[in-house]
Structure formats: structure tokens, C-alpha cells
file model.pdb (PDB, C-alpha atoms and all ligand atoms)
ATOM      1  CA  MET A   2      68.017 103.433  91.482
ATOM      2  CA  ARG A   3      71.480 104.988  90.995
ATOM      3  CA  PRO A   4      74.265 102.477  91.732
ATOM      4  CA  PHE A   5      76.726 105.041  93.198
ATOM      5  CA  ILE A   6      75.709 107.966  95.390
ATOM      6  CA  ASN A   7      78.125 110.335  97.158
ATOM      7  CA  THR A   8      76.875 113.323  99.130
ATOM      8  CA  PRO A   9      80.091 115.180 100.116
ATOM      9  CA  ASN A  10      78.308 117.930 102.072
ATOM     10  CA  ASP A  11      75.317 115.989 103.232
ATOM     11  CA  THR A  12      73.159 117.904 105.720
ATOM     12  CA  ASP A  13      73.206 114.963 108.113
ATOM     13  CA  THR A  14      77.000 115.050 108.024
ATOM     14  CA  ARG A  15      77.123 118.761 108.820
ATOM     15  CA  SER A  16      74.652 118.407 111.631
ATOM     16  CA  GLY A  17      76.979 115.897 113.262
ATOM     17  CA  THR A  18      75.446 112.544 112.280
ATOM     18  CA  GLY A  19      78.791 111.709 110.678
ATOM     19  CA  ALA A  20      80.093 110.116 107.525
ATOM     20  CA  SER A  21      78.887 106.692 106.435
ATOM     21  CA  VAL A  22      79.555 104.029 103.825
ATOM     22  CA  GLU A  23      76.817 101.582 102.807
ATOM     23  CA  VAL A  24      77.496  98.849 100.279
ATOM     24  CA  GLN A  25      74.607  96.608  99.308
ATOM     25  CA  ASN A  26      75.041  93.365  97.384
ATOM     26  CA  LEU A  27      77.758  94.816  95.127
ATOM     27  CA  HIS A  28      78.683  92.947  91.938
ATOM     28  CA  VAL A  29      81.414  94.141  89.554
ATOM     29  CA  THR A  30      82.514  92.289  86.421
ATOM     30  CA  PHE A  31      85.209  92.939  83.821
ATOM     31  CA  PRO A  32      84.747  91.897  80.194
ATOM     32  CA  LEU A  33      87.543  89.878  78.624
ATOM     33  CA  TYR A  34      87.824  91.294  75.160
ATOM     34  CA  HIS A  35      89.859  88.412  73.756
ATOM     35  CA  GLY A  36      87.808  85.791  75.535
ATOM     36  CA  SER A  37      87.079  83.869  72.357
ATOM     37  CA  ALA A  38      90.686  82.632  72.129
ATOM     38  CA  ARG A  39      90.534  79.095  73.440
ATOM     39  CA  THR A  40      93.951  79.061  75.172
ATOM     40  CA  LEU A  41      93.321  82.331  76.981
ATOM     41  CA  ARG A  42      89.900  81.107  78.036
ATOM     42  CA  LYS A  43      91.386  77.937  79.491
ATOM     43  CA  THR A  44      94.134  79.848  81.310
ATOM     44  CA  LEU A  45      91.713  82.345  82.796
ATOM     45  CA  ALA A  46      89.271  79.650  83.755
ATOM     46  CA  LYS A  47      92.021  78.108  85.878
ATOM     47  CA  ALA A  48      93.156  81.421  87.376
ATOM     48  CA  THR A  49      89.673  82.614  88.269
ATOM     49  CA  THR A  50      87.930  79.414  89.282
ATOM     50  CA  GLY A  51      84.183  79.902  89.380
ATOM     51  CA  ARG A  52      84.442  83.608  88.487
ATOM     52  CA  PHE A  53      84.414  83.261  84.748
ATOM     53  CA  GLU A  54      81.044  83.462  82.990
ATOM     54  CA  ARG A  55      79.132  84.950  80.040
ATOM     55  CA  ASP A  56      77.139  88.127  80.548
ATOM     56  CA  GLN A  57      73.805  88.990  78.897
ATOM     57  CA  GLN A  58      75.604  90.089  75.700
ATOM     58  CA  GLN A  59      77.390  86.709  75.641
ATOM     59  CA  ARG A  60      80.785  88.332  76.438
ATOM     60  CA  MET A  61      83.199  86.429  78.659
ATOM     61  CA  VAL A  62      83.554  88.288  81.976
ATOM     62  CA  VAL A  63      85.453  87.884  85.259
ATOM     63  CA  GLN A  64      83.343  88.406  88.349
ATOM     64  CA  ALA A  65      85.685  90.656  90.335
ATOM     65  CA  LEU A  66      83.184  91.301  93.171
ATOM     66  CA  ARG A  67      80.336  88.971  94.066
ATOM     67  CA  GLY A  68      77.645  90.178  96.447
ATOM     68  CA  ILE A  69      79.694  92.404  98.776
ATOM     69  CA  SER A  70      77.732  94.140 101.545
ATOM     70  CA  LEU A  71      79.159  96.275 104.320
ATOM     71  CA  SER A  72      78.297  99.220 106.484
ATOM     72  CA  LEU A  73      80.772 101.690 108.020
ATOM     73  CA  LYS A  74      80.266 104.479 110.542
ATOM     74  CA  PRO A  75      82.545 107.159 112.058
ATOM     75  CA  GLY A  76      85.501 105.599 113.877
ATOM     76  CA  ASP A  77      85.581 102.506 111.652
ATOM     77  CA  ARG A  78      88.986 101.668 110.154
ATOM     78  CA  LEU A  79      88.538  98.776 107.755
ATOM     79  CA  GLY A  80      91.485  96.739 106.431
ATOM     80  CA  LEU A  81      90.954  94.709 103.238
ATOM     81  CA  VAL A  82      93.104  91.591 103.116
ATOM     82  CA  GLY A  83      93.222  88.611 100.753
ATOM     83  CA  GLY A  84      95.408  86.930  98.155
ATOM     84  CA  ASN A  85      96.202  88.250  94.674
ATOM     85  CA  GLY A  86      93.060  88.841  92.658
ATOM     86  CA  ALA A  87      90.767  88.614  95.716
ATOM     87  CA  GLY A  88      89.016  91.870  94.738
ATOM     88  CA  LYS A  89      90.539  94.387  97.188
ATOM     89  CA  THR A  90      91.508  97.029  94.605
ATOM     90  CA  THR A  91      88.220  96.583  92.753
ATOM     91  CA  LEU A  92      86.295  97.199  95.985
ATOM     92  CA  LEU A  93      88.340 100.337  96.760
ATOM     93  CA  ARG A  94      87.817 101.662  93.242
ATOM     94  CA  SER A  95      84.098 100.924  93.429
ATOM     95  CA  LEU A  96      83.902 102.875  96.715
ATOM     96  CA  ALA A  97      85.698 105.757  94.965
ATOM     97  CA  GLY A  98      83.097 105.717  92.170
ATOM     98  CA  ILE A  99      85.677 104.726  89.530
ATOM     99  CA  TYR A 100      84.028 101.380  88.711
ATOM    100  CA  GLU A 101      80.309 101.093  88.162
ATOM    101  CA  PRO A 102      78.576  98.051  89.671
ATOM    102  CA  VAL A 103      76.668  95.650  87.430
ATOM    103  CA  ALA A 104      74.369  95.084  90.421
ATOM    104  CA  GLY A 105      73.983  96.474  93.935
ATOM    105  CA  ARG A 106      74.768  99.958  95.162
ATOM    106  CA  VAL A 107      77.267 102.136  97.042
ATOM    107  CA  VAL A 108      76.065 105.087  99.121
ATOM    108  CA  ILE A 109      78.662 107.333 100.770
ATOM    109  CA  ARG A 110      77.970 110.350 102.996
ATOM    110  CA  GLY A 111      80.900 112.720 103.408
ATOM    111  CA  GLU A 112      83.774 113.940 101.242
ATOM    112  CA  ILE A 113      85.943 111.120  99.848
ATOM    113  CA  ASN A 114      89.656 111.162  99.104
ATOM    114  CA  ALA A 115      91.008 108.111  97.305
ATOM    115  CA  LEU A 116      94.767 107.603  97.652
ATOM    116  CA  LEU A 117      95.075 105.028  94.916
ATOM    117  CA  ASP A 118      97.683 106.374  92.537
ATOM    118  CA  THR A 119      99.678 109.603  93.000
ATOM    119  CA  ASN A 120      99.817 110.221  89.236
ATOM    120  CA  LEU A 121      96.046 109.949  88.839
ATOM    121  CA  GLY A 122      94.885 112.870  86.720
ATOM    122  CA  MET A 123      98.335 114.515  86.485
ATOM    123  CA  ASN A 124      98.923 116.379  83.199
ATOM    124  CA  VAL A 125     102.668 116.289  82.451
ATOM    125  CA  ASP A 126     102.507 119.194  79.994
ATOM    126  CA  LEU A 127     101.269 121.545  82.728
ATOM    127  CA  THR A 128     103.414 122.945  85.539
ATOM    128  CA  GLY A 129     103.155 121.612  89.069
ATOM    129  CA  ARG A 130     101.255 124.725  90.102
ATOM    130  CA  GLU A 131      98.808 124.389  87.202
ATOM    131  CA  ASN A 132      98.202 120.763  88.137
ATOM    132  CA  ILE A 133      97.302 121.861  91.670
ATOM    133  CA  THR A 134      94.767 124.375  90.324
ATOM    134  CA  LEU A 135      93.364 121.803  87.904
ATOM    135  CA  ARG A 136      92.860 119.244  90.665
ATOM    136  CA  GLY A 137      91.172 121.862  92.863
ATOM    137  CA  LEU A 138      88.823 122.957  90.076
ATOM    138  CA  HIS A 139      88.014 119.337  89.273
ATOM    139  CA  ALA A 140      87.105 118.770  92.939
ATOM    140  CA  GLY A 141      84.821 121.839  92.814
ATOM    141  CA  MET A 142      86.888 123.883  95.305
ATOM    142  CA  SER A 143      86.627 127.627  95.806
ATOM    143  CA  PRO A 144      89.577 129.834  94.634
ATOM    144  CA  ARG A 145      90.393 130.446  98.307
ATOM    145  CA  ARG A 146      90.597 126.736  99.099
ATOM    146  CA  ILE A 147      92.699 126.126  95.981
ATOM    147  CA  ARG A 148      95.167 128.812  97.151
ATOM    148  CA  ALA A 149      95.385 127.168 100.580
ATOM    149  CA  ILE A 150      96.101 123.795  98.960
ATOM    150  CA  GLU A 151      98.716 125.377  96.699
ATOM    151  CA  THR A 152     100.584 126.737  99.741
ATOM    152  CA  ASP A 153     100.323 123.404 101.535
ATOM    153  CA  VAL A 154     101.610 121.408  98.530
ATOM    154  CA  GLN A 155     104.384 123.928  97.837
ATOM    155  CA  ASP A 156     105.637 123.664 101.451
ATOM    156  CA  PHE A 157     105.447 119.894 101.624
ATOM    157  CA  ALA A 158     106.700 118.900  98.144
ATOM    158  CA  ASP A 159     109.616 121.338  98.440
ATOM    159  CA  LEU A 160     110.225 121.509  94.682
ATOM    160  CA  GLY A 161     111.525 125.100  94.655
ATOM    161  CA  SER A 162     111.322 126.754  91.240
ATOM    162  CA  PHE A 163     110.409 123.406  89.621
ATOM    163  CA  LEU A 164     106.830 124.012  90.773
ATOM    164  CA  ASP A 165     106.549 126.433  87.830
ATOM    165  CA  MET A 166     108.098 124.035  85.305
ATOM    166  CA  PRO A 167     106.164 121.435  83.259
ATOM    167  CA  VAL A 168     105.868 118.143  85.142
ATOM    168  CA  ARG A 169     107.502 116.279  82.227
ATOM    169  CA  THR A 170     110.829 117.966  83.219
ATOM    170  CA  TYR A 171     110.671 116.453  86.747
ATOM    171  CA  SER A 172     112.695 113.468  87.946
ATOM    172  CA  SER A 173     110.581 110.458  88.969
ATOM    173  CA  GLY A 174     111.207 111.304  92.649
ATOM    174  CA  MET A 175     109.937 114.860  92.097
ATOM    175  CA  VAL A 176     106.770 113.541  90.439
ATOM    176  CA  VAL A 177     106.172 111.328  93.490
ATOM    177  CA  ARG A 178     106.676 114.308  95.854
ATOM    178  CA  LEU A 179     104.199 116.471  93.944
ATOM    179  CA  GLY A 180     101.656 113.657  93.482
ATOM    180  CA  PHE A 181     101.855 112.607  97.126
ATOM    181  CA  ALA A 182     101.622 116.181  98.451
ATOM    182  CA  LEU A 183      98.675 116.925  96.196
ATOM    183  CA  ALA A 184      96.802 113.697  96.905
ATOM    184  CA  THR A 185      97.207 114.135 100.671
ATOM    185  CA  SER A 186      96.327 117.833 100.718
ATOM    186  CA  ILE A 187      92.608 117.048 100.729
ATOM    187  CA  ARG A 188      91.437 116.103 104.231
ATOM    188  CA  PRO A 189      88.385 113.905 103.673
ATOM    189  CA  ARG A 190      85.790 112.366 105.962
ATOM    190  CA  VAL A 191      86.090 109.070 104.095
ATOM    191  CA  LEU A 192      89.667 108.056 103.266
ATOM    192  CA  LEU A 193      90.312 105.211 100.797
ATOM    193  CA  MET A 194      93.903 104.014 100.536
ATOM    194  CA  ASP A 195      95.768 101.428  98.495
ATOM    195  CA  GLU A 196      98.935  99.972  99.995
ATOM    196  CA  TRP A 197     100.860 101.466  97.085
ATOM    197  CA  PHE A 198     100.763 104.674  99.106
ATOM    198  CA  LEU A 199     102.832 103.141 101.874
ATOM    199  CA  ALA A 200     105.694 102.344  99.489
ATOM    200  CA  GLY A 201     108.218 104.779  98.084
ATOM    201  CA  ASP A 202     111.766 105.959  98.546
ATOM    202  CA  THR A 203     112.765 105.634 102.193
ATOM    203  CA  ASN A 204     113.901 109.212 102.846
ATOM    204  CA  PHE A 205     110.730 110.664 101.460
ATOM    205  CA  MET A 206     108.539 108.110 103.241
ATOM    206  CA  LEU A 207     109.951 109.186 106.623
ATOM    207  CA  LYS A 208     108.606 112.658 105.916
ATOM    208  CA  ALA A 209     105.458 111.306 104.263
ATOM    209  CA  GLN A 210     104.589 108.935 107.116
ATOM    210  CA  GLY A 211     103.667 111.731 109.555
ATOM    211  CA  ARG A 212     101.460 113.440 106.988
ATOM    212  CA  LEU A 213      99.700 110.167 106.146
ATOM    213  CA  GLU A 214      99.120 109.311 109.792
ATOM    214  CA  GLN A 215      97.579 112.737 110.369
ATOM    215  CA  LEU A 216      95.253 112.203 107.427
ATOM    216  CA  VAL A 217      94.270 108.746 108.707
ATOM    217  CA  GLN A 218      93.590 110.082 112.213
ATOM    218  CA  GLN A 219      91.493 112.991 110.958
ATOM    219  CA  ALA A 220      89.323 110.895 108.633
ATOM    220  CA  GLU A 221      86.075 109.647 110.144
ATOM    221  CA  ILE A 222      86.229 106.427 108.122
ATOM    222  CA  LEU A 223      89.272 104.648 106.657
ATOM    223  CA  VAL A 224      89.298 101.769 104.159
ATOM    224  CA  ILE A 225      92.770 100.432 103.351
ATOM    225  CA  SER A 226      93.803  97.555 101.118
ATOM    226  CA  THR A 227      97.124  95.986 102.017
ATOM    227  CA  HIS A 228      99.216  92.844 102.187
ATOM    228  CA  GLN A 229     101.052  94.312 105.223
ATOM    229  CA  LEU A 230      99.291  92.727 108.177
ATOM    230  CA  ASP A 231     101.280  94.828 110.683
ATOM    231  CA  VAL A 232      99.680  97.938 109.153
ATOM    232  CA  VAL A 233      96.245  96.329 109.513
ATOM    233  CA  SER A 234      96.938  95.468 113.175
ATOM    234  CA  ALA A 235      98.217  98.985 113.927
ATOM    235  CA  TRP A 236      95.601 101.017 112.071
ATOM    236  CA  CYS A 237      92.409  98.997 111.698
ATOM    237  CA  THR A 238      89.466  98.288 113.974
ATOM    238  CA  ARG A 239      87.864  95.843 111.513
ATOM    239  CA  VAL A 240      89.178  93.498 108.837
ATOM    240  CA  LEU A 241      87.485  92.154 105.713
ATOM    241  CA  TRP A 242      89.131  89.012 104.362
ATOM    242  CA  MET A 243      88.292  88.729 100.679
ATOM    243  CA  ASP A 244      88.583  85.609  98.587
ATOM    244  CA  GLN A 245      87.654  85.182  94.902
ATOM    245  CA  GLY A 246      85.566  88.365  94.936
ATOM    246  CA  SER A 247      83.517  87.431  98.017
ATOM    247  CA  ILE A 248      83.772  88.071 101.762
ATOM    248  CA  LYS A 249      85.341  85.080 103.489
ATOM    249  CA  LEU A 250      85.385  86.531 107.019
ATOM    250  CA  GLU A 251      84.794  89.886 108.669
ATOM    251  CA  GLY A 252      85.562  90.957 112.226
ATOM    252  CA  PRO A 253      88.147  92.497 114.566
ATOM    253  CA  PRO A 254      91.852  92.159 113.599
ATOM    254  CA  GLU A 255      92.561  89.748 116.489
ATOM    255  CA  VAL A 256      90.049  87.276 115.017
ATOM    256  CA  VAL A 257      90.476  87.697 111.250
ATOM    257  CA  ILE A 258      94.289  88.016 110.981
ATOM    258  CA  PRO A 259      95.109  84.683 112.741
ATOM    259  CA  ALA A 260      92.418  82.909 110.652
ATOM    260  CA  TYR A 261      93.832  84.418 107.445
ATOM    261  CA  LEU A 262      97.443  83.541 108.383
ATOM    262  CA  SER A 263      96.511  79.974 109.222
ATOM    263  CA  HIS A 264      94.663  79.623 105.891
ATOM    264  CA  GLU A 265      97.690  81.051 103.995
ATOM    265  CA  ALA A 266     100.017  78.630 105.818
ATOM    266  CA  SER A 267      97.837  75.634 104.928
ATOM    267  CA  MET A 268      97.645  76.770 101.284
ATOM    268  CA  SER A 269     101.414  77.077 101.078
ATOM    269  CA  GLU A 270     101.866  73.625 102.700
ATOM    270  CA  ALA A 271      99.425  72.139 100.162
ATOM    271  CA  ALA A 272     101.336  73.815  97.303
ATOM    272  CA  THR A 273     104.669  72.440  98.570
ATOM    273  CA  ALA A 274     103.168  68.948  98.933
ATOM    274  CA  ALA A 275     101.767  69.149  95.363
ATOM    275  CA  GLU A 276     105.215  70.155  94.038
ATOM    276  CA  LEU A 277     106.835  67.164  95.761
ATOM    277  CA  THR A 278     104.404  64.609  94.291
TER     278      THR A 278
HETATM  279  N1  LIG B 301      90.751  96.104  84.490
HETATM  280  C1  LIG B 301      90.528  94.805  84.603
HETATM  281  N2  LIG B 301      90.202  94.040  83.537
HETATM  282  C2  LIG B 301      89.952  92.713  83.667
HETATM  283  N3  LIG B 301      90.027  92.044  84.831
HETATM  284  C3  LIG B 301      90.358  92.742  85.932
HETATM  285  C4  LIG B 301      90.649  94.149  85.873
HETATM  286  N4  LIG B 301      90.950  94.576  87.149
HETATM  287  C5  LIG B 301      90.863  93.479  87.943
HETATM  288  N5  LIG B 301      90.508  92.387  87.215
HETATM  289  C6  LIG B 301      90.274  91.025  87.732
HETATM  290  O1  LIG B 301      89.404  91.166  88.848
HETATM  291  C7  LIG B 301      89.799  90.311  89.921
HETATM  292  C8  LIG B 301      90.045  91.145  91.174
HETATM  293  O2  LIG B 301      91.227  91.932  90.981
HETATM  294  P1  LIG B 301      91.744  93.008  92.035
HETATM  295  O3  LIG B 301      92.814  93.806  91.355
HETATM  296  O4  LIG B 301      90.597  93.729  92.615
HETATM  297  O5  LIG B 301      92.390  92.056  93.140
HETATM  298  P2  LIG B 301      93.312  92.421  94.395
HETATM  299  O6  LIG B 301      92.733  91.705  95.574
HETATM  300  O7  LIG B 301      93.483  93.895  94.516
HETATM  301  O8  LIG B 301      94.687  91.741  93.983
HETATM  302  P3  LIG B 301      96.220  92.142  94.294
HETATM  303  O9  LIG B 301      96.448  91.858  95.757
HETATM  304  O10 LIG B 301      96.974  91.189  93.414
HETATM  305  O11 LIG B 301      96.422  93.571  93.907
HETATM  306  C9  LIG B 301      91.029  89.542  89.407
HETATM  307  O12 LIG B 301      90.588  88.280  88.923
HETATM  308  C10 LIG B 301      91.550  90.403  88.280
HETATM  309  O13 LIG B 301      92.186  89.594  87.318
END
call {"tool": "encode", "arguments": {"input": "model.pdb", "output": "C-alpha cells", "more": "lines below"}}
Ligand SMILES: Nc1ncnc2c1ncn2[C@@H]1O[C@H](COP(=O)(O)OP(=O)(O)OP(=O)(O)O)[C@@H](O)[C@H]1O
result
Amino acid sequence: MRPFINTPNDTDTRSGTGASVEVQNLHVTFPLYHGSARTLRKTLAKATTGRFERDQQQRMVVQALRGISLSLKPGDRLGLVGGNGAGKTTLLRSLAGIYEPVAGRVVIRGEINALLDTNLGMNVDLTGRENITLRGLHAGMSPRRIRAIETDVQDFADLGSFLDMPVRTYSSGMVVRLGFALATSIRPRVLLMDEWFLAGDTNFMLKAQGRLEQLVQQAEILVISTHQLDVVSAWCTRVLWMDQGSIKLEGPPEVVIPAYLSHEASMSEAATAAELT
């Protein structure tokens, strides 16, 4: 059984059944290549309580995701919340097909766009325009669709003649404009977004916000990982609270967010009390 299946143009999707995301008992681990060093092992053991083990090849591994199952249908907007290292980014990357599960499976119907990192796949020796073509070819688009995306990115990124210069000659702000415009030019049925995408220089974000919101509204399914609970309240219909690689609680924002905030408050009180003793 293949662990990751994506059918971008699934017949069910075209006939109106809609996009879907099915995750069954997903486990993802990361090997720790220097795990034999005793000090590092002790440090990690503390930082990843209960998530540190040996795999079948006797390598030390961190269990980043432990038995995650979820099911999403059109209209679902899922917010992933949880403390540092809870597994949010790993889950997003597994849904995007970037990480392969050690157990379980991910099945996604409908075209995916993963807004995880604007520089993902950007070749700095090529021009902006060449990068657009490259991305389109990589995504298997027709020449006509690539031309449409080129026009869209050109209009939005507003780089003028720099679009025909190598990306390595761009300022960091120009790279962000190109990367953002390119990443958001693909309108998917399943949109995966890391909170990184909501950050950026303020002037540009004012312009970017409208484009992002349009993308979010048009997607049939949204999965967003963020520490910004106001974004979760505004955009999400469901929330998955992750803790130590597992699901702690899942439900509507009005149930999960107060529970999460109260847990965070009690953790911070406990930490303050421990510091005082
Ligand atoms: N490439 C990697 N190599 C080794 N360990 C990793 C790697 N990526 C993540 N991890 C570990 O997997 C666990 C989950 O990390 P992940 O980045 O998914 O958490 P997160 O919830 O997104 O955290 P944050 O809110 O801090 O971004 C952590 O213990 C982390 O140290």
C-alpha cells in the first residue's frame, strides 16, 4: 500500500464529489545522526520526552508524529495549534508529500498547493521569468496555463525589468515578492499554509493579504499551522491541538481555543512557580 496518494484531477472531484483529505494512523520519525553522543542524547531525551527511541536499524529517532488520523471534506478549514515541536509543520509537510510516513497513509483528492516557503524550488541563477516557467513545468502545466501564470505573477510582483534578470541580483524584498506571487498563483482545491506566509514586510503584506484571502476562500479545504489564535478564530471551522506529535483535542474553535489557552496559562504558571523554588 502506497503511503502517500494524491489524485489532482480525480474523476470524483471533477464530477462534483469534491476534494478530500484522509490521514490514517500517520507516524513520522526523524533520525538523529549524532545520536550516539551521550550529552546530545540526554539533552534530546529531555526536550522530546517519550518521543525518543531506536528504530529497527538501531538509529536514535524522534517521533515527530504519532498515530495522527483525520478526515477533511469541502468547506473544512482546519487550524493546527500547539507548542513548539508539537508536530504542526511535520503534519503539513506530510500532507504536501514532502515527508514520507514510517507508518500509516495520506490520501488526498484534488490539486494541492503548499504555501510553506516562498523560496522553495527557486533557482537564483535563472531569471524571475525562467523560474515561473520552471515551476509551471514542474507542476505539469500546459504552455497556455504557464503563460497565464506568468502574466499574473508579473502583474502582482511588479518587478518591472528585473523579471528578466537573474534572481541573485534581486533585493531580499524583491525575492519575497516574486516567491509570494508565484506560490499564490496556483489556485488549488486543497490549500496547505504555514504561518510563515502571514509574516513579511508590512507594506507588501497589505497588498498580499487580499490575494491570500481570495486563495483561502476559493480553496475547498484549508489546513493552516499557526501560533496566531486570532487567525484560527477568523479563518477556521475546526482546530487540531497537537502535543508531542499526537492529537490532544480536536473540535470547533470555540471549544479547542479556550482549552488550549487555559492549558498554556497553567503551564506558564507552573514554570514560574518552578523558577521561584
Ligand atoms: N528535519 C528534522 N530533523 C530532526 N528532527 C526534526 C526535524 N524536523 C522536525 N523535527 C522534530 O520533530 C518534532 C516536531 O517538529 P515540528 O517542526 O513539526 O513542530 P512544530 O509544531 O511545527 O513546532 P514550531 O511551532 O516550533 O514550528 C520536534 O521534536 C522537532 O525537533
call {"tool": "resolve_selection", "arguments": {"input": "model.pdb", "expression": "the PyMOL selection byres (((not hetatm)) within 10 of (chain B and resi 301))", "output": "JSON, numbers by chain"}}
result
{"A": [29, 30, 31, 32, 33, 34, 45, 48, 49, 50, 52, 53, 62, 63, 64, 65, 66, 81, 82, 83, 84, 85, 86, 87, 88, 89, 90, 91, 92, 93, 94, 95, 100, 195, 196, 197, 226, 227, 228, 242, 243, 244, 245, 246]}
call {"tool": "atom_distance", "arguments": {"input": "model.pdb", "atom1": "atom CA of A:Gly76", "atom2": "atom CA of A:Val256"}}
result
18.9 Å
call {"tool": "closest_residue", "arguments": {"input": "model.pdb", "among": "A:Arg148, A:Arg190, A:Lys74, A:Arg67", "to": "A:Asn114", "atoms": "all atoms listed in the file"}}
result
A:Arg190
call {"tool": "atom_distance", "arguments": {"input": "model.pdb", "atom1": "atom CA of A:Gln215", "atom2": "atom CA of A:Ala182"}}
result
13.0 Å
call {"tool": "atom_distance", "arguments": {"input": "model.pdb", "atom1": "atom CA of A:Gln219", "atom2": "atom CA of A:Cys237"}}
result
14.0 Å
call {"tool": "residues_near_point", "arguments": {"input": "model.pdb", "point": "(94.1, 80.7, 104.7)", "cutoff": "12 Å", "atoms": "all atoms listed in the file", "output": "PyMOL selection string"}}
result
chain A and resi 82-84+242-244+249-250+257-271
call {"tool": "resolve_selection", "arguments": {"input": "model.pdb", "expression": "the PyMOL selection byres (((chain A and resi 159-174) around 6) and not hetatm)", "output": "list in words"}}
result
Val125, Asp126, Leu127, Thr128, Gly129, Arg130, Gln155, Asp156, Phe157, Ala158, Met175, Val176 and Val177 of chain A
call {"tool": "axis_aligned_box", "arguments": {"input": "model.pdb", "around": "stretch 179-196 of chain A", "padding_each_side": "5 Å", "output": "JSON"}}
result
{"center_x": 95.0, "center_y": 108.9, "center_z": 99.7, "size_x": 28.4, "size_y": 27.9, "size_z": 22.5}
call {"tool": "resolve_selection", "arguments": {"input": "model.pdb", "expression": "the PyMOL selection byres (((chain A and resi 69) around 6) and not hetatm)", "output": "PyMOL selection string"}}
result
chain A and resi 26-27+67-68+70
call {"tool": "closest_residue", "arguments": {"input": "model.pdb", "among": "A:Phe205, A:Met61, A:Leu241, A:Glu112", "to": "A:Arg188", "atoms": "only C-alpha atoms"}}
result
A:Glu112
call {"tool": "closest_residue", "arguments": {"input": "model.pdb", "among": "A:Ile248, A:Ala115, A:Met123, A:Ile133", "to": "A:Leu216", "atoms": "all atoms listed in the file"}}
result
A:Ala115
call {"tool": "closest_residue", "arguments": {"input": "model.pdb", "among": "A:Thr278, A:Phe181, A:Gly122, A:Ser186", "to": "A:Glu151", "atoms": "only C-alpha atoms"}}
result
A:Ser186
call {"tool": "closest_residue", "arguments": {"input": "model.pdb", "among": "A:Ser143, A:Arg60, A:Ala104, A:Val191", "to": "A:Pro9", "atoms": "all atoms listed in the file"}}
result
A:Val191
call {"tool": "closest_residue", "arguments": {"input": "model.pdb", "among": "A:Ala275, A:Ile222, A:Val154, A:Ile109", "to": "A:Pro4", "atoms": "all atoms listed in the file"}}
result
A:Ile109
call {"tool": "decode", "arguments": {"input": "model.pdb", "residues": "stretch 214-229 of chain A", "atoms": "N, CA and C atoms", "output": "compact mmCIF listing (two decimals), in the first residue's frame"}}
result
# COMPACT_ATOMS: atom_id res chain seq x y z
N GLU A 214 -6.37 35.97 1.00
CA GLU A 214 -7.74 35.71 1.44
C GLU A 214 -8.57 35.12 0.29
N GLN A 215 -8.30 35.62 -0.93
CA GLN A 215 -9.01 35.10 -2.09
C GLN A 215 -8.68 33.61 -2.30
N LEU A 216 -7.40 33.31 -2.13
CA LEU A 216 -6.93 31.93 -2.30
C LEU A 216 -7.59 31.01 -1.26
N VAL A 217 -7.64 31.51 -0.01
CA VAL A 217 -8.23 30.74 1.08
C VAL A 217 -9.72 30.51 0.81
N GLN A 218 -10.41 31.57 0.34
CA GLN A 218 -11.85 31.42 0.10
C GLN A 218 -12.14 30.46 -1.05
N GLN A 219 -11.27 30.48 -2.07
CA GLN A 219 -11.52 29.64 -3.24
C GLN A 219 -11.18 28.17 -3.01
N ALA A 220 -10.28 27.91 -2.06
CA ALA A 220 -9.88 26.51 -1.82
C ALA A 220 -11.05 25.76 -1.18
N GLU A 221 -11.19 24.48 -1.54
CA GLU A 221 -12.27 23.70 -0.93
C GLU A 221 -11.89 23.30 0.50
N ILE A 222 -10.58 23.03 0.67
CA ILE A 222 -10.10 22.62 2.00
C ILE A 222 -8.86 23.44 2.35
N LEU A 223 -8.80 23.94 3.59
CA LEU A 223 -7.62 24.68 4.05
C LEU A 223 -7.06 23.98 5.29
N VAL A 224 -5.72 23.83 5.33
CA VAL A 224 -5.07 23.40 6.57
C VAL A 224 -3.99 24.43 6.85
N ILE A 225 -4.07 25.10 8.00
CA ILE A 225 -3.10 26.14 8.34
C ILE A 225 -2.49 25.89 9.70
N SER A 226 -1.16 26.03 9.77
CA SER A 226 -0.47 25.88 11.05
C SER A 226 -0.09 27.26 11.53
N THR A 227 -0.48 27.61 12.74
CA THR A 227 -0.16 28.96 13.23
C THR A 227 -0.16 29.05 14.74
N HIS A 228 0.60 30.04 15.23
CA HIS A 228 0.56 30.37 16.66
C HIS A 228 -0.42 31.53 16.88
N GLN A 229 -0.93 32.12 15.77
CA GLN A 229 -1.82 33.28 15.88
C GLN A 229 -3.27 32.81 16.02
